[in-house]
Every structure is written in structure tokens, then in C-alpha cells.
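Structure record follows, encoded as C-alpha cells.
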Amino acid sequence: MSHPRRTFLSLLGAGSFAALGGSALVPRRLAAESHDAPVDDQWDMTWVDKVSGKYKAVFDSPEVSEGAALFRACLWRDNYKTVYGTERSNMSPVIVFRHEAISLAMNDEYWERYDQGKETKVKDFKTKKWSKVNPIRANAPGTPEKWAEYNLISFMQSGGVVLACRVAFGDVVGNVLKREKLAHDAAVEKAKSYLVPGVLLQPSGVFAVLRAQEAGCSYIKAS
């Protein structure tokens, strides 16, 4: 692992990133496809309009990898700023949490109540115990300015889009059903209350990734 990434995680309090898998780049479409208005208004598709920068990329996160997708999305923006002087307004990063990474779309309350640190094998860097919080939701106290925006809240506030797979979200609903003994619809609403504010559920992670590509995003498998 490179020193900058190790330093970042030690400050964020998430431990170390898992080893990199093979990243695959898919050429960006020459032009975004046009779509009719959604026929099912339960899905918030307004995020597509936010993918309007000159440079667009979707960071596909099927694994937890201790938040590697967020790190790479933020690093991509910073690298373009360093190399080309590109402003944030010209950068459109999209992160898709799907499959096993759905926990990263959930808030700290969910992480603690449902033992997500143990479930995802993410440990608190300082205590060496299973993390009680989503390690990428917000920065730990004392995080240096260099890494100040490497968290989901800052990422979305600065124009980043974060999407979550509704199919994988079924596991969250299942946890709520098992623990709270609620009716199904009530469990779904309770599960949604655990989403990090600003994260948008999509019909599936596959849908989200491909829709982002149709909006002009280049693709990278980021976890």
C-alpha cells in the first residue's frame, strides 16, 4: 500500500484499504442518451442532471474495501486539479454502492446497532476493535486539511453523487425485520431512515452504473 493512502486511512480511522482488484476502464460514450421522464416516481433520477461537468466518471463499488471507492473518487478530482487546474464545477464523480458495499451507504446508527464493523471486517484504526461507525461517512476529529473532504458528506456537498443498490438494500431491510420485528413496509421505511442523507436508492446497482455511463461517465471498478 502506498504511504499517502495508508496515512489517509489512519487519520480517517478506518484501518487500511484492502488490496486492489483489477480495475477495468470502459470507454465513455460519445454522447449521453436521451430518456423519457421516469414513469415510476419512487426513483429519484434528478442526479443525472448533476452529471454535467466536462469530466465524468462512475466509481463502481461492489465490495466494502474499507471505502476505497470514495478515496478514488476524491483522489481523481484532486489529481485533475493538480495536473490541469480543473475546478470542481467541471468534475462529475458518481459512486455506486452495491452488492456487499451497501453498508457504506448507511449511517453510524445502523453500523453500531447492526454490528456492521464485524460484518464487514472493518476495524477502528485506534482501538483495533470492530468499527462502530461508517468509516467514510464523516472524518474523524483531527483529520488534516489535506483529507478534509474525503468523506461522504463533503463529497456530496461538493457535487458528488452517491447511489445505492435497492437489491442489496434488501439485506438492510432483512436486518431490520429480524431485529425490530416490524411489518415489511414499516421495516423498509425504518431501513431508509438509516441511509446517509443524500444517498439515493436506485432499482439496482447495475442500473445505476449503466445509467451513469449513459450520462457520459467513464467507468472504473473502484473496490
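Here's how to read the names in the C-alpha cells: chain A, B, ... by the order shown, residue numbers from 1 in each chain, ligand numbers from 1 in the order shown.
All residues of protein, DNA or RNA that reach within 6 Å of Ser92 in chain A, judged by only C-alpha atoms and not counting those fewer than 2 positions away in the chain, are Val51, Gly53 and Lys56 of chain A.
Comparing the minimum interatomic distances between Tyr55 in chain A and each of A:Gly216, A:Thr82, A:Asp185, A:Thr127, counting only C-alpha atoms, we find that A:Gly216 sits nearest.
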Alpha helix (DSSP H) residues, from DSSP on the backbone, in range 172-222 of chain A, as a PyMOL selection string = chain A and resi 172-180+184-193+205-214
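Between Gly170 in chain A and the candidates A:Ser89, A:Ser103, A:Gln213, A:Ser154, the tightest atom-to-atom separation, counting only C-alpha atoms, involves A:Ser103.
Checking A:Phe169, A:Phe59, A:Trp43, A:Tyr84 one by one against His99 in chain A, counting only C-alpha atoms, you find the shortest gap at A:Phe169.
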Find the residues around range 192-196 of chain A up to 10 Å (only C-alpha atoms counted), leave out those fewer than 5 positions away in its own chain, and share them as JSON, numbers by chain.
-> {"A": [102, 103, 104, 105, 106, 107, 108, 109, 110, 111, 134, 137, 152, 153, 162, 164, 169, 172, 173, 186, 187, 201]}
Only N, CA and C atoms, please: the residues just picked out, written as a compact mmCIF listing (two decimals), in the first residue's frame.
# COMPACT_ATOMS: atom_id res chain seq x y z
N ILE A 102 -23.14 -2.21 0.35
CA ILE A 102 -24.33 -1.43 0.71
C ILE A 102 -24.19 -0.81 2.10
N SER A 103 -23.45 -1.43 2.99
CA SER A 103 -23.28 -0.88 4.35
C SER A 103 -22.66 0.51 4.33
N LEU A 104 -21.87 0.81 3.31
CA LEU A 104 -21.21 2.12 3.24
C LEU A 104 -22.20 3.24 2.92
N ALA A 105 -23.41 2.88 2.53
CA ALA A 105 -24.46 3.88 2.27
C ALA A 105 -25.27 4.18 3.53
N MET A 106 -24.96 3.46 4.64
CA MET A 106 -25.76 3.56 5.84
C MET A 106 -25.07 4.41 6.91
N ASN A 107 -25.88 4.98 7.81
CA ASN A 107 -25.34 5.91 8.81
C ASN A 107 -24.71 5.19 10.00
N ASP A 108 -24.17 5.99 10.92
CA ASP A 108 -23.46 5.43 12.07
C ASP A 108 -24.38 4.64 12.99
N GLU A 109 -25.61 5.09 13.13
CA GLU A 109 -26.56 4.38 13.98
C GLU A 109 -26.76 2.95 13.49
N TYR A 110 -26.89 2.79 12.19
CA TYR A 110 -27.05 1.45 11.63
C TYR A 110 -25.80 0.62 11.86
N TRP A 111 -24.64 1.23 11.66
CA TRP A 111 -23.39 0.50 11.84
C TRP A 111 -23.25 -0.03 13.27
N ASN A 134 -19.78 4.18 10.37
CA ASN A 134 -19.44 4.10 8.96
C ASN A 134 -18.13 4.87 8.77
N ARG A 137 -18.36 8.02 6.37
CA ARG A 137 -19.46 8.99 6.42
C ARG A 137 -18.94 10.38 6.72
N LEU A 152 -18.15 11.07 2.81
CA LEU A 152 -19.37 11.11 2.00
C LEU A 152 -20.10 12.44 2.09
N ILE A 153 -20.17 13.00 3.29
CA ILE A 153 -20.90 14.25 3.46
C ILE A 153 -20.29 15.36 2.62
N VAL A 162 -23.91 10.03 -4.94
CA VAL A 162 -23.76 8.72 -4.31
C VAL A 162 -25.06 7.94 -4.47
N ALA A 164 -27.14 3.99 -4.31
CA ALA A 164 -27.14 2.70 -3.62
C ALA A 164 -28.10 1.74 -4.30
N PHE A 169 -29.90 -3.40 -0.83
CA PHE A 169 -30.57 -2.76 0.30
C PHE A 169 -31.56 -3.72 0.96
N VAL A 172 -30.38 -4.86 4.21
CA VAL A 172 -30.61 -3.92 5.30
C VAL A 172 -32.03 -4.09 5.84
N VAL A 173 -32.96 -4.18 4.92
CA VAL A 173 -34.36 -4.40 5.32
C VAL A 173 -34.48 -5.69 6.11
N ALA A 186 -43.13 -1.24 7.15
CA ALA A 186 -42.56 -0.43 8.22
C ALA A 186 -41.05 -0.65 8.32
N ALA A 187 -40.63 -1.88 8.08
CA ALA A 187 -39.20 -2.19 8.12
C ALA A 187 -38.46 -1.48 6.99
N LEU A 201 -31.34 5.76 -3.44
CA LEU A 201 -31.57 4.39 -3.86
C LEU A 201 -31.93 4.35 -5.34
For Phe125 in chain A, which of A:Glu149, A:Ala37, A:Arg113, A:Ala140 is the closest residue, counting only C-alpha atoms?
-> A:Ala140
Might you pull out every residue within 12 Å of Leu75 in chain A, with only C-alpha atoms counted and same-chain residues fewer than 3 positions away left off, and present them as a list in words?
-> Pro4, Arg5, Phe8, Phe59, Ala68, Ala69, Leu70, Phe71, Arg72, Asp78, Asn79, Tyr80, Lys81, Thr82, Val83, Met91, Pro93, Lys146, Trp147, Glu149, Tyr150, Asn151, Phe155 and Ala222 of chain A
Requested write-out: N, CA, C and O atoms of the selected residues, as a compact mmCIF listing (two decimals), in the first residue's frame:
# COMPACT_ATOMS: atom_id res chain seq x y z
N PRO A 4 0.67 7.56 1.02
CA PRO A 4 -0.45 8.51 1.13
C PRO A 4 -1.76 7.86 1.50
O PRO A 4 -2.51 8.38 2.32
N ARG A 5 -2.07 6.70 0.92
CA ARG A 5 -3.33 6.04 1.24
C ARG A 5 -3.31 5.51 2.67
O ARG A 5 -4.31 5.56 3.37
N PHE A 8 -3.87 8.45 4.92
CA PHE A 8 -5.27 8.88 4.85
C PHE A 8 -6.14 8.02 5.75
O PHE A 8 -6.94 8.52 6.54
N PHE A 59 -17.68 5.43 -10.19
CA PHE A 59 -16.83 4.58 -9.38
C PHE A 59 -17.69 3.45 -8.81
O PHE A 59 -18.49 3.66 -7.90
N ALA A 68 -12.69 2.24 -0.36
CA ALA A 68 -11.75 2.56 -1.44
C ALA A 68 -12.39 3.38 -2.55
O ALA A 68 -11.75 4.25 -3.15
N ALA A 69 -13.66 3.14 -2.84
CA ALA A 69 -14.32 3.87 -3.94
C ALA A 69 -14.37 5.36 -3.66
O ALA A 69 -14.15 6.18 -4.56
N LEU A 70 -14.68 5.72 -2.43
CA LEU A 70 -14.71 7.14 -2.07
C LEU A 70 -13.32 7.75 -2.20
O LEU A 70 -13.16 8.85 -2.76
N PHE A 71 -12.32 7.06 -1.69
CA PHE A 71 -10.94 7.56 -1.79
C PHE A 71 -10.57 7.82 -3.24
O PHE A 71 -10.02 8.87 -3.58
N ARG A 72 -10.90 6.89 -4.11
CA ARG A 72 -10.50 7.03 -5.51
C ARG A 72 -11.27 8.13 -6.21
O ARG A 72 -10.73 8.84 -7.07
N ASP A 78 -8.96 15.52 -7.16
CA ASP A 78 -7.77 16.25 -6.74
C ASP A 78 -6.66 16.17 -7.78
O ASP A 78 -5.93 17.14 -8.01
N ASN A 79 -6.51 15.00 -8.39
CA ASN A 79 -5.47 14.84 -9.41
C ASN A 79 -5.71 15.73 -10.62
O ASN A 79 -4.77 16.32 -11.18
N TYR A 80 -6.96 15.85 -11.04
CA TYR A 80 -7.28 16.74 -12.17
C TYR A 80 -7.01 18.20 -11.80
O TYR A 80 -6.56 18.99 -12.65
N LYS A 81 -7.26 18.54 -10.55
CA LYS A 81 -6.97 19.90 -10.09
C LYS A 81 -5.47 20.15 -10.12
O LYS A 81 -5.00 21.21 -10.57
N THR A 82 -4.69 19.16 -9.68
CA THR A 82 -3.23 19.29 -9.64
C THR A 82 -2.63 19.36 -11.04
O THR A 82 -1.78 20.21 -11.32
N VAL A 83 -3.09 18.47 -11.92
CA VAL A 83 -2.49 18.37 -13.25
C VAL A 83 -3.00 19.44 -14.21
O VAL A 83 -2.21 20.08 -14.93
N MET A 91 -16.06 18.76 -12.71
CA MET A 91 -15.85 17.36 -12.35
C MET A 91 -17.17 16.76 -11.87
O MET A 91 -17.84 17.34 -11.01
N PRO A 93 -18.18 13.25 -10.38
CA PRO A 93 -17.97 11.88 -9.93
C PRO A 93 -19.25 11.25 -9.39
O PRO A 93 -20.04 11.90 -8.70
N LYS A 146 -5.70 18.29 4.32
CA LYS A 146 -5.47 17.58 3.06
C LYS A 146 -6.57 16.56 2.79
O LYS A 146 -6.94 16.32 1.63
N TRP A 147 -7.10 15.94 3.86
CA TRP A 147 -8.10 14.89 3.71
C TRP A 147 -9.49 15.37 4.16
O TRP A 147 -10.40 14.55 4.32
N GLU A 149 -12.03 16.69 2.84
CA GLU A 149 -13.22 16.42 2.03
C GLU A 149 -13.33 14.97 1.59
O GLU A 149 -14.19 14.62 0.79
N TYR A 150 -12.50 14.12 2.16
CA TYR A 150 -12.55 12.70 1.81
C TYR A 150 -13.54 11.97 2.71
O TYR A 150 -13.20 11.07 3.48
N ASN A 151 -14.79 12.36 2.61
CA ASN A 151 -15.87 11.70 3.34
C ASN A 151 -17.16 11.91 2.55
O ASN A 151 -17.25 12.80 1.71
N PHE A 155 -18.21 15.04 0.14
CA PHE A 155 -18.23 14.63 -1.26
C PHE A 155 -19.54 15.03 -1.92
O PHE A 155 -19.54 15.61 -3.01
N ALA A 222 -14.00 0.30 -8.60
CA ALA A 222 -13.25 1.03 -7.59
C ALA A 222 -13.13 0.31 -6.25
O ALA A 222 -12.60 0.86 -5.29
DSSP strand (DSSP E or B) residues within range 52-207 of chain A, as a VMD selection string | chain A and resid 55 to 61 91 to 97 106 123 130 161 to 165 195 200 to 202
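Close contacts of Phe207 in chain A, defined as residues with an atom at most 12 Å away when counting only C-alpha atoms, with chain neighbours fewer than 2 positions off set aside, comprise Trp43, Met45, Asp60, Val96, Phe97, Arg98, Leu163, Ala164, Cys165, Arg166, Val167, Leu201, Gln202, Pro203, Ser204, Gly205, Val209, Leu210, Arg211, Ala212, Gln213 and Glu214 of chain A.
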Prev. selection, C-alpha atoms, output as a short mmCIF file (atom, residue, chain, number, x, y, z; two decimals), in the first residue's frame:
data_model
loop_
_atom_site.label_atom_id
_atom_site.label_comp_id
_atom_site.auth_asym_id
_atom_site.auth_seq_id
_atom_site.Cartn_x
_atom_site.Cartn_y
_atom_site.Cartn_z
CA TRP A 43 -36.92 6.60 -8.06
CA MET A 45 -33.39 10.46 -11.12
CA ASP A 60 -18.36 1.12 -9.07
CA VAL A 96 -22.39 3.37 -6.76
CA PHE A 97 -22.54 1.21 -3.62
CA ARG A 98 -23.90 -2.22 -4.49
CA LEU A 163 -26.14 5.94 -5.37
CA ALA A 164 -27.14 2.70 -3.62
CA CYS A 165 -28.49 -0.58 -4.98
CA ARG A 166 -32.07 -1.35 -3.93
CA VAL A 167 -31.48 -5.07 -4.42
CA LEU A 201 -31.57 4.39 -3.86
CA GLN A 202 -31.72 3.09 -7.42
CA PRO A 203 -33.53 -0.03 -8.72
CA SER A 204 -30.22 -1.90 -8.81
CA GLY A 205 -26.50 -1.21 -8.81
CA VAL A 209 -23.71 2.13 -13.10
CA LEU A 210 -25.03 1.81 -16.65
CA ARG A 211 -27.24 4.89 -16.33
CA ALA A 212 -24.21 6.88 -15.21
CA GLN A 213 -22.31 5.66 -18.25
CA GLU A 214 -25.19 6.68 -20.47
#
Take CA of Val122 in chain A and CA of Cys74 in chain A and report the distance between them in Å, one decimal.
-> 20.5 Å
